[in-house]
>>> print(open('entry23.cif').read())   # mmCIF, C-alpha atoms and all ligand atoms
data_start
#
loop_
_atom_site.label_atom_id
_atom_site.label_comp_id
_atom_site.auth_asym_id
_atom_site.auth_seq_id
_atom_site.Cartn_x
_atom_site.Cartn_y
_atom_site.Cartn_z
CA MET A 1 -106.81 -32.11 157.90
CA PRO A 2 -109.11 -32.66 154.89
CA LEU A 3 -112.67 -31.36 155.03
CA VAL A 4 -115.08 -33.50 157.05
CA THR A 5 -118.86 -33.66 156.70
CA SER A 6 -121.07 -31.80 159.16
CA LYS A 7 -122.79 -35.06 160.14
CA GLU A 8 -120.30 -36.33 162.73
CA MET A 9 -119.79 -32.94 164.32
CA LEU A 10 -123.51 -32.24 164.62
CA GLU A 11 -124.18 -35.68 166.04
CA ALA A 12 -121.42 -35.12 168.63
CA ALA A 13 -122.94 -31.73 169.45
CA HIS A 14 -126.43 -33.24 169.68
CA ALA A 15 -125.24 -36.00 172.02
CA ASN A 16 -123.16 -33.70 174.23
CA HIS A 17 -125.41 -30.61 174.39
CA PHE A 18 -123.21 -28.10 172.67
CA ALA A 19 -123.65 -26.36 169.32
CA VAL A 20 -121.29 -26.03 166.37
CA GLY A 21 -121.05 -22.51 164.97
CA ALA A 22 -121.68 -22.21 161.22
CA PHE A 23 -120.05 -18.97 160.17
CA ASN A 24 -120.72 -17.24 156.84
CA ALA A 25 -117.71 -16.11 154.86
CA ASN A 26 -117.40 -14.07 151.67
CA ASN A 27 -113.66 -13.41 151.44
CA MET A 28 -110.24 -14.67 152.51
CA GLU A 29 -109.91 -12.50 155.61
CA GLN A 30 -113.27 -13.67 156.98
CA ILE A 31 -112.34 -17.31 156.36
CA GLN A 32 -108.96 -16.84 158.05
CA GLY A 33 -110.48 -15.07 161.06
CA ILE A 34 -112.98 -17.91 161.53
CA ILE A 35 -110.43 -20.69 161.10
CA ASP A 36 -107.86 -19.03 163.39
CA ALA A 37 -110.46 -18.84 166.15
CA ALA A 38 -111.43 -22.51 165.62
CA ASN A 39 -107.82 -23.67 165.89
CA GLU A 40 -107.07 -21.58 168.96
CA GLU A 41 -110.31 -22.67 170.63
CA LYS A 42 -109.91 -26.34 169.61
CA SER A 43 -113.41 -26.21 168.23
CA PRO A 44 -115.02 -27.92 165.24
CA VAL A 45 -116.30 -25.36 162.77
CA ILE A 46 -118.63 -25.09 159.78
CA LEU A 47 -117.62 -22.56 157.16
CA GLN A 48 -120.67 -21.77 155.14
CA VAL A 49 -121.11 -20.12 151.80
CA SER A 50 -124.40 -18.60 150.71
CA GLN A 51 -125.61 -18.03 147.16
CA GLY A 52 -124.64 -14.37 147.63
CA ALA A 53 -121.10 -15.38 148.61
CA ILE A 54 -120.90 -17.67 145.58
CA ASN A 55 -122.05 -14.80 143.35
CA TYR A 56 -119.48 -12.49 144.95
CA ALA A 57 -116.36 -14.67 145.16
CA GLY A 58 -117.12 -17.33 142.55
CA LEU A 59 -117.73 -20.96 143.50
CA GLY A 60 -114.17 -22.00 142.64
CA TYR A 61 -112.56 -19.37 144.86
CA ALA A 62 -115.00 -19.87 147.71
CA SER A 63 -114.58 -23.64 147.85
CA ALA A 64 -110.80 -23.56 147.28
CA MET A 65 -110.25 -21.04 150.08
CA VAL A 66 -112.23 -23.13 152.56
CA LYS A 67 -110.43 -26.32 151.48
CA ILE A 68 -107.02 -24.71 152.10
CA ALA A 69 -108.24 -23.41 155.45
CA ALA A 70 -109.27 -26.96 156.40
CA GLU A 71 -106.05 -28.57 155.19
CA GLU A 72 -103.92 -26.19 157.26
CA SER A 73 -106.13 -26.69 160.26
CA SER A 74 -105.89 -29.11 163.21
CA VAL A 75 -109.64 -29.12 163.92
CA PRO A 76 -112.52 -30.61 161.88
CA VAL A 77 -113.86 -28.19 159.25
CA ALA A 78 -116.97 -28.67 157.09
CA LEU A 79 -117.78 -26.69 153.94
CA HIS A 80 -121.53 -26.03 153.90
CA LEU A 81 -123.92 -24.57 151.32
CA ASP A 82 -126.11 -22.08 153.18
CA HIS A 83 -129.71 -21.61 151.95
CA GLY A 84 -129.17 -23.54 148.72
CA PRO A 85 -131.89 -22.23 146.40
CA SER A 86 -132.40 -25.26 144.14
CA TYR A 87 -131.70 -28.91 143.36
CA GLU A 88 -129.25 -27.79 140.66
CA GLN A 89 -127.23 -25.57 143.01
CA ASN A 90 -126.92 -28.46 145.45
CA VAL A 91 -125.60 -30.73 142.67
CA ILE A 92 -123.11 -28.05 141.60
CA CYS A 93 -121.84 -27.61 145.16
CA LEU A 94 -121.60 -31.35 145.74
CA ARG A 95 -119.43 -31.59 142.64
CA ALA A 96 -117.31 -28.66 143.88
CA GLY A 97 -116.49 -30.64 147.04
CA PHE A 98 -118.92 -29.26 149.60
CA THR A 99 -119.21 -31.62 152.56
CA SER A 100 -122.58 -30.38 153.79
CA LEU A 101 -125.59 -29.13 151.83
CA MET A 102 -128.77 -27.19 152.47
CA PHE A 103 -131.93 -26.79 150.49
CA ASP A 104 -134.13 -23.90 151.59
CA GLY A 105 -137.62 -24.68 150.36
CA SER A 106 -139.26 -22.75 153.18
CA LYS A 107 -141.08 -20.43 150.77
CA LEU A 108 -142.51 -23.33 148.78
CA PRO A 109 -145.77 -25.18 149.37
CA TYR A 110 -145.17 -28.01 151.88
CA GLU A 111 -145.39 -30.94 149.43
CA GLU A 112 -143.05 -29.20 146.97
CA ASN A 113 -140.52 -28.57 149.73
CA ILE A 114 -140.68 -32.29 150.61
CA ALA A 115 -140.31 -33.39 146.98
CA ILE A 116 -137.20 -31.30 146.20
CA THR A 117 -135.59 -31.88 149.60
CA SER A 118 -136.05 -35.67 149.27
CA LYS A 119 -134.51 -35.65 145.81
CA ILE A 120 -131.45 -33.78 147.10
CA VAL A 121 -131.12 -36.09 150.12
CA GLN A 122 -131.23 -39.14 147.86
CA MET A 123 -128.57 -37.68 145.56
CA ALA A 124 -126.24 -36.42 148.33
CA ASN A 125 -126.57 -39.39 150.68
CA THR A 126 -125.41 -41.66 147.84
CA VAL A 127 -121.96 -40.17 148.41
CA GLY A 128 -122.30 -39.69 152.17
CA ILE A 129 -123.03 -35.96 152.25
CA PRO A 130 -125.63 -34.72 154.77
CA VAL A 131 -128.42 -32.30 153.90
CA GLU A 132 -130.09 -29.61 156.03
CA ALA A 133 -133.53 -28.29 155.15
CA GLU A 134 -135.79 -25.58 156.55
CA LEU A 135 -139.36 -25.90 157.71
CA GLY A 136 -141.38 -22.94 158.90
CA ARG A 137 -139.62 -19.81 157.80
CA VAL A 138 -136.90 -17.64 159.36
CA LEU A 139 -137.88 -14.24 157.95
CA GLN A 140 -135.59 -11.41 156.84
CA SER A 141 -134.88 -8.36 159.01
CA ARG A 142 -137.21 -7.33 161.75
CA ASP A 143 -137.62 -3.81 160.30
CA SER A 144 -140.01 -5.12 157.72
CA VAL A 145 -141.71 -7.93 159.66
CA SER A 146 -144.09 -7.80 162.62
CA GLU A 147 -144.12 -10.04 165.72
CA GLU A 148 -147.29 -11.63 164.32
CA GLU A 149 -145.59 -12.49 161.05
CA VAL A 150 -142.64 -14.04 162.88
CA LYS A 151 -145.03 -16.10 164.98
CA ALA A 152 -147.10 -17.20 162.00
CA ALA A 153 -143.95 -18.42 160.21
CA MET A 154 -142.78 -20.62 163.11
CA THR A 155 -142.19 -24.36 162.68
CA ASP A 156 -145.10 -26.64 163.55
CA PRO A 157 -143.84 -29.59 165.67
CA ASP A 158 -146.15 -32.22 164.10
CA GLN A 159 -145.32 -31.07 160.60
CA ALA A 160 -141.60 -31.16 161.52
CA ALA A 161 -141.90 -34.83 162.49
CA ASP A 162 -143.64 -35.64 159.20
CA PHE A 163 -141.10 -33.60 157.20
CA VAL A 164 -138.08 -35.32 158.77
CA SER A 165 -139.45 -38.83 158.28
CA ARG A 166 -140.50 -38.21 154.67
CA THR A 167 -137.31 -36.45 153.51
CA GLY A 168 -134.54 -38.27 155.42
CA ILE A 169 -132.65 -35.02 156.10
CA SER A 170 -129.70 -35.00 158.51
CA SER A 171 -130.55 -31.72 160.25
CA LEU A 172 -133.56 -29.39 160.41
CA ALA A 173 -133.53 -25.58 160.43
CA VAL A 174 -136.38 -24.45 162.66
CA ALA A 175 -138.17 -21.12 162.92
CA ILE A 176 -138.55 -20.39 166.63
CA GLY A 177 -138.46 -16.60 166.82
CA SER A 178 -135.23 -15.47 165.19
CA VAL A 179 -135.13 -13.19 162.14
CA HIS A 180 -132.26 -12.97 159.67
CA ALA A 181 -129.95 -9.96 159.57
CA MET A 182 -131.00 -8.15 162.73
CA GLU A 183 -128.32 -5.68 163.79
CA ALA A 184 -128.91 -5.95 167.55
CA ALA A 185 -129.40 -9.05 169.71
CA GLU A 186 -132.95 -8.41 170.92
CA ALA A 187 -135.01 -11.50 170.09
CA GLU A 188 -136.07 -14.15 172.59
CA LEU A 189 -136.60 -17.63 171.17
CA ASP A 190 -139.78 -19.63 171.73
CA ILE A 191 -138.21 -22.33 173.89
CA GLU A 192 -141.52 -24.11 174.53
CA ARG A 193 -141.94 -24.58 170.78
CA LEU A 194 -138.36 -25.84 170.53
CA LYS A 195 -139.06 -28.39 173.28
CA ALA A 196 -142.20 -29.53 171.45
CA ILE A 197 -140.21 -29.97 168.21
CA ARG A 198 -137.44 -31.79 170.05
CA ALA A 199 -139.99 -34.16 171.58
CA LYS A 200 -141.01 -35.27 168.08
CA VAL A 201 -137.77 -34.95 166.09
CA ASP A 202 -134.50 -36.63 167.00
CA ILE A 203 -132.04 -35.17 164.49
CA PRO A 204 -129.81 -32.12 165.11
CA LEU A 205 -131.76 -28.84 164.97
CA VAL A 206 -130.37 -25.64 163.45
CA LEU A 207 -130.84 -22.01 164.50
CA HIS A 208 -130.69 -19.40 161.73
CA GLY A 209 -130.62 -15.64 162.22
CA SER A 210 -128.60 -15.85 165.43
CA SER A 211 -127.15 -12.33 165.27
CA GLY A 212 -130.50 -10.96 166.43
CA VAL A 213 -130.92 -13.40 169.33
CA LYS A 214 -130.07 -12.67 172.98
CA GLU A 215 -127.11 -14.78 174.12
CA SER A 216 -129.04 -16.13 177.12
CA SER A 217 -131.73 -17.37 174.71
CA GLU A 218 -129.12 -19.04 172.48
CA VAL A 219 -127.66 -20.89 175.46
CA GLU A 220 -131.12 -22.05 176.54
CA ALA A 221 -131.82 -23.24 172.98
CA ILE A 222 -128.64 -25.33 173.02
CA GLN A 223 -129.83 -27.03 176.21
CA TYR A 224 -133.06 -27.97 174.44
CA GLY A 225 -131.70 -29.35 171.19
CA ILE A 226 -130.13 -26.71 168.93
CA SER A 227 -126.87 -28.25 167.62
CA LYS A 228 -125.85 -25.83 164.83
CA ILE A 229 -126.02 -22.04 165.03
CA ASN A 230 -125.63 -19.87 161.94
CA VAL A 231 -123.83 -16.56 162.38
CA ALA A 232 -123.43 -13.96 159.63
CA THR A 233 -124.53 -10.38 160.32
CA MET A 234 -122.47 -9.87 163.45
CA LEU A 235 -119.34 -11.03 161.61
CA ASN A 236 -120.00 -8.50 158.85
CA GLN A 237 -120.54 -5.80 161.46
CA ALA A 238 -117.24 -6.62 163.18
CA PHE A 239 -115.43 -6.67 159.84
CA ILE A 240 -116.77 -3.30 158.69
CA HIS A 241 -116.44 -1.51 162.05
CA ALA A 242 -112.81 -2.60 162.30
CA LEU A 243 -112.19 -1.47 158.73
CA ILE A 244 -113.69 1.95 159.38
CA GLY A 245 -111.69 2.28 162.61
CA ALA A 246 -108.47 1.32 160.82
CA TYR A 247 -109.18 3.82 158.05
CA GLU A 248 -109.93 6.61 160.50
CA SER A 249 -106.74 6.02 162.46
CA ASP A 250 -104.56 6.03 159.33
CA PRO A 251 -106.47 7.65 156.44
CA LYS A 252 -103.35 8.18 154.34
CA ASN A 253 -102.55 4.45 154.17
CA ILE A 254 -102.87 2.90 150.72
CA ASP A 255 -101.91 -0.69 151.64
CA PRO A 256 -105.20 -2.63 152.06
CA ARG A 257 -103.47 -5.27 154.18
CA LYS A 258 -102.94 -2.77 157.00
CA TRP A 259 -106.69 -2.28 157.34
CA LEU A 260 -107.86 -5.78 156.45
CA VAL A 261 -105.72 -7.37 159.14
CA LYS A 262 -107.81 -5.43 161.69
CA SER A 263 -111.00 -6.78 160.14
CA ARG A 264 -109.63 -10.32 160.22
CA ASP A 265 -108.75 -10.00 163.90
CA ALA A 266 -112.18 -8.52 164.70
CA VAL A 267 -113.95 -11.46 163.01
CA LYS A 268 -111.73 -13.89 164.90
CA GLU A 269 -112.64 -12.41 168.29
CA VAL A 270 -116.39 -12.51 167.57
CA VAL A 271 -116.09 -16.15 166.48
CA ARG A 272 -114.05 -17.00 169.57
CA GLY A 273 -116.75 -15.52 171.81
CA LYS A 274 -119.46 -17.50 170.00
CA MET A 275 -117.51 -20.79 170.24
CA ARG A 276 -117.19 -20.29 173.99
CA LEU A 277 -120.86 -19.40 174.29
CA PHE A 278 -121.94 -22.42 172.23
CA GLY A 279 -119.75 -24.78 174.30
CA SER A 280 -117.81 -26.04 171.26
CA SER A 281 -114.48 -24.65 172.52
CA GLY A 282 -112.21 -27.42 173.75
CA THR A 283 -114.27 -30.25 172.26
CA VAL A 284 -111.56 -31.31 169.78
CA SER A 285 -109.02 -33.64 171.37
CA SER A 286 -105.35 -33.88 170.36
CA SER A 287 -106.24 -36.80 168.07
CA GLY A 288 -108.38 -34.34 166.10
CA PHE A 289 -111.83 -35.46 167.15
CA PHE A 290 -114.34 -34.84 169.83
CA SER A 291 -114.04 -35.03 173.58
CA ALA A 292 -116.57 -33.90 176.18
CA PRO A 293 -117.31 -30.16 176.08
CA THR A 294 -115.44 -28.02 178.60
CA SER A 295 -118.17 -25.38 178.49
CA HIS A 296 -116.91 -21.82 178.85
CA ARG A 297 -120.40 -20.50 178.22
CA SER A 298 -120.56 -16.95 179.41
CA ALA A 299 -124.27 -16.19 179.48
CA ASP A 300 -126.11 -16.30 182.81
CA LEU A 301 -127.64 -19.76 183.23
CA GLY A 302 -129.29 -19.01 186.56
CA HIS A 303 -132.78 -18.88 185.07
CA LEU A 304 -132.46 -22.43 183.72
CA GLU A 305 -132.28 -24.08 187.14
O1 LIG B 1 -127.90 -18.54 157.20
C1 LIG B 1 -127.30 -17.63 157.81
C2 LIG B 1 -127.79 -17.17 159.07
O2 LIG B 1 -129.02 -17.65 159.41
C3 LIG B 1 -127.22 -15.97 159.69
O3 LIG B 1 -128.15 -15.10 160.29
O4 LIG B 1 -127.15 -12.92 159.65
O5 LIG B 1 -128.86 -13.07 161.39
O6 LIG B 1 -126.59 -13.97 161.82
P1 LIG B 1 -127.66 -13.69 160.81
ZN ZN B 2 -130.09 -18.45 157.54
#
>>> encode(input="entry23.cif", output="C-alpha cells")
Amino acid sequence: MPLVTSKEMLEAAHANHFAVGAFNANNMEQIQGIIDAANEEKSPVILQVSQGAINYAGLGYASAMVKIAAEESSVPVALHLDHGPSYEQNVICLRAGFTSLMFDGSKLPYEENIAITSKIVQMANTVGIPVEAELGRVLQSRDSVSEEEVKAAMTDPDQAADFVSRTGISSLAVAIGSVHAMEAAEAELDIERLKAIRAKVDIPLVLHGSSGVKESSEVEAIQYGISKINVATMLNQAFIHALIGAYESDPKNIDPRKWLVKSRDAVKEVVRGKMRLFGSSGTVSSSGFFSAPTSHRSADLGHLE
C-alpha cells in the first residue's frame, strides 16, 4: 500500500496502549529486514531516516527504497525524518515525500525551539503531514554523560504542556532517562516523570534512545503513554554481528549477498522481538488497518500490578 502518515498509527497506539516501533535504516538490507518483520507480524511500522542516513545513502535513494518497501507491503508504513536538524531539511524531506517529520531543537534556547518548530508545523500541516519535536534532551552515549547530566536534561512537565499548545506538534519526544546509542540495555526510565507529563499533555509521546533501556521499563512506559519507540543501535549491532559471523564461517566468499542476507535476517528478528514487546504485532487487520492489540509482550509485567 502507499505510504501513510504516522498520525493515524500513533493515535491508534495512543488510544489502545501499544507503541509503534520507529526503526532507523541506512541501507536496503536494513529496510527489507524491518519491513519483512512488519508484514509477518501484521504490525504498523515507521521507517525512519536520520541526517546521517541521508548523508550516507542520499535522500533520493533513502526515500525511494522506503516507498518501494511500503508499496510491496500489506501493513501501514510511514517514512519519517529522524532528528531533522533545520526548517530547510524538513521542507526538503516533505518535498521528497516523507509522511512524517521531526525537528530536533532540543539544543536550542526554549523560545527558539518553539519558533522553528511552529513554523515547520504550520508548513507541514498545510499538506496533512504530522511533526514530532523534542523537549528536554535525550543525550548521546552514556560513556560521556553522568547520571546528573541525564537528570538535568529531562523534560519538564509544565514546560511540555506549554510547548505542545504553542507549537501544535502531533507528537512529543520526551527525555525521561534514556540516552542515545547505549550498547547494553541498562537504563531505567523515570516513570513518575512520564506520568506527570502524560497528565498535562494528551498527544502521543515518543521514546528515543531505546536500545539502552531495559525491556521491562519500555513496557511500563507504554502503559503510561509512550506511543512511538525509536530503535537504532541494537539494529546496527545485530547487522554487524551477523556480518562478522557470516564472514568468519566462510572467509573465502566474495559474494556480498551471502553475508548480507544474514544481516538482513538478524535485523528482522530484532524488529520482530520489539514489535511483540511493544504490542504492535497483530494490530493490523486484513483490511489493512488497526484492530485491538493482541499483546505478545514478553517482559515481566508482575511489578505493574
Ligand atoms: O532517533 C533514534 C533513536 O532515538 C535511537 O536510539 O540508537 O539508542 O536505539 P538508539
Ligand atoms: Zn533519537
>>> residues_near_point(input="entry23.cif", point="(-142.5, -30.3, 165.1)", cutoff="9 Å", atoms="only C-alpha atoms", output="list in words")
Thr155, Asp156, Pro157, Asp158, Gln159, Ala160, Ala161, Asp162, Phe163, Val174, Arg193, Leu194, Ala196, Ile197, Arg198, Ala199, Lys200 and Val201 of chain A
>>> residues_near_ligand(input="entry23.cif", ligand="ligand LIG 1 (chain B)", cutoff="6 Å", atoms="all atoms listed in the file", output="list of chain:residue names")
A:Asp82, A:His180, A:Ala181, A:Met182, A:His208, A:Gly209, A:Ser210, A:Ser211, A:Gly212, A:Asn230, A:Val231, A:Ala232, A:Thr233
>>> atom_distance(input="entry23.cif", atom1="atom CA of A:Ala22", atom2="atom CA of A:Pro109")
27.0 Å
>>> closest_residue(input="entry23.cif", among="A:Ile31, A:Val138, A:Ile254, A:Ala78", to="ligand ZN 2 (chain B)", atoms="all atoms listed in the file")
A:Val138
>>> atom_distance(input="entry23.cif", atom1="atom CA of A:Leu135", atom2="atom CA of A:Asp104")
8.3 Å
>>> closest_residue(input="entry23.cif", among="A:Gly245, A:Pro85, A:Gly58, A:Pro44", to="ligand ZN 2 (chain B)", atoms="all atoms listed in the file")
A:Pro85
>>> residues_around(input="entry23.cif", residues="A:His14", least_positions_apart="5", cutoff="8 Å", atoms="all atoms listed in the file", output="MDAnalysis selection string")
chainID A and resid 19 203:204 225:227
>>> atom_distance(input="entry23.cif", atom1="atom CA of A:Ala153", atom2="atom CA of A:His80")
24.5 Å
>>> closest_residue(input="entry23.cif", among="A:Tyr247, A:Asn26, A:Val75, A:Asn39", to="A:Asn55", atoms="only C-alpha atoms")
A:Asn26
>>> closest_residue(input="entry23.cif", among="A:Lys262, A:Val45, A:Leu108, A:Pro76", to="A:Ser286", atoms="only C-alpha atoms")
A:Pro76
>>> closest_residue(input="entry23.cif", among="A:Gly128, A:Gly84, A:Gly60, A:Gly33", to="ligand ZN 2 (chain B)", atoms="only C-alpha atoms and all ligand atoms")
A:Gly84
>>> residues_near_point(input="entry23.cif", point="(-130.2, -31.1, 162.5)", cutoff="6 Å", atoms="only C-alpha atoms", output="list of chain:residue names")
A:Ser170, A:Ser171, A:Leu172, A:Ile203, A:Pro204, A:Leu205, A:Val206
>>> closest_atom_pairs(input="entry23.cif", of="stretch 34-95 of chain A", to="stretch 112-120 of chain A", cutoff="10 Å", atoms="only C-alpha atoms", output="JSON lines")
{"residue": "A:Ser86", "atom": "CA", "partner": "A:Ile116", "partner_atom": "CA", "distance": 8.0}
{"residue": "A:Tyr87", "atom": "CA", "partner": "A:Ile120", "partner_atom": "CA", "distance": 6.1}
{"residue": "A:Glu88", "atom": "CA", "partner": "A:Ile120", "partner_atom": "CA", "distance": 9.1}
{"residue": "A:Asn90", "atom": "CA", "partner": "A:Ile120", "partner_atom": "CA", "distance": 7.2}
{"residue": "A:Val91", "atom": "CA", "partner": "A:Ile120", "partner_atom": "CA", "distance": 7.9}
>>> write_last_selection(input="entry23.cif", atoms="C-alpha atoms", output="PDB file, in the frame of the given file")
ATOM      1  CA  SER A  86    -132.400 -25.260 144.140  1.00  0.00           C
ATOM      2  CA  TYR A  87    -131.700 -28.910 143.360  1.00  0.00           C
ATOM      3  CA  GLU A  88    -129.250 -27.790 140.660  1.00  0.00           C
ATOM      4  CA  ASN A  90    -126.920 -28.460 145.450  1.00  0.00           C
ATOM      5  CA  VAL A  91    -125.600 -30.730 142.670  1.00  0.00           C
TER       6      VAL A  91
END
>>> closest_residue(input="entry23.cif", among="A:Ala185, A:Tyr110, A:Leu277, A:Met102", to="ligand ZN 2 (chain B)", atoms="all atoms listed in the file")
A:Met102
>>> axis_aligned_box(input="entry23.cif", around="stretch 66-85 of chain A", padding_each_side="3 Å", output="JSON")
{"center_x": -117.9, "center_y": -26.1, "center_z": 155.2, "size_x": 34.0, "size_y": 15.0, "size_z": 23.5}
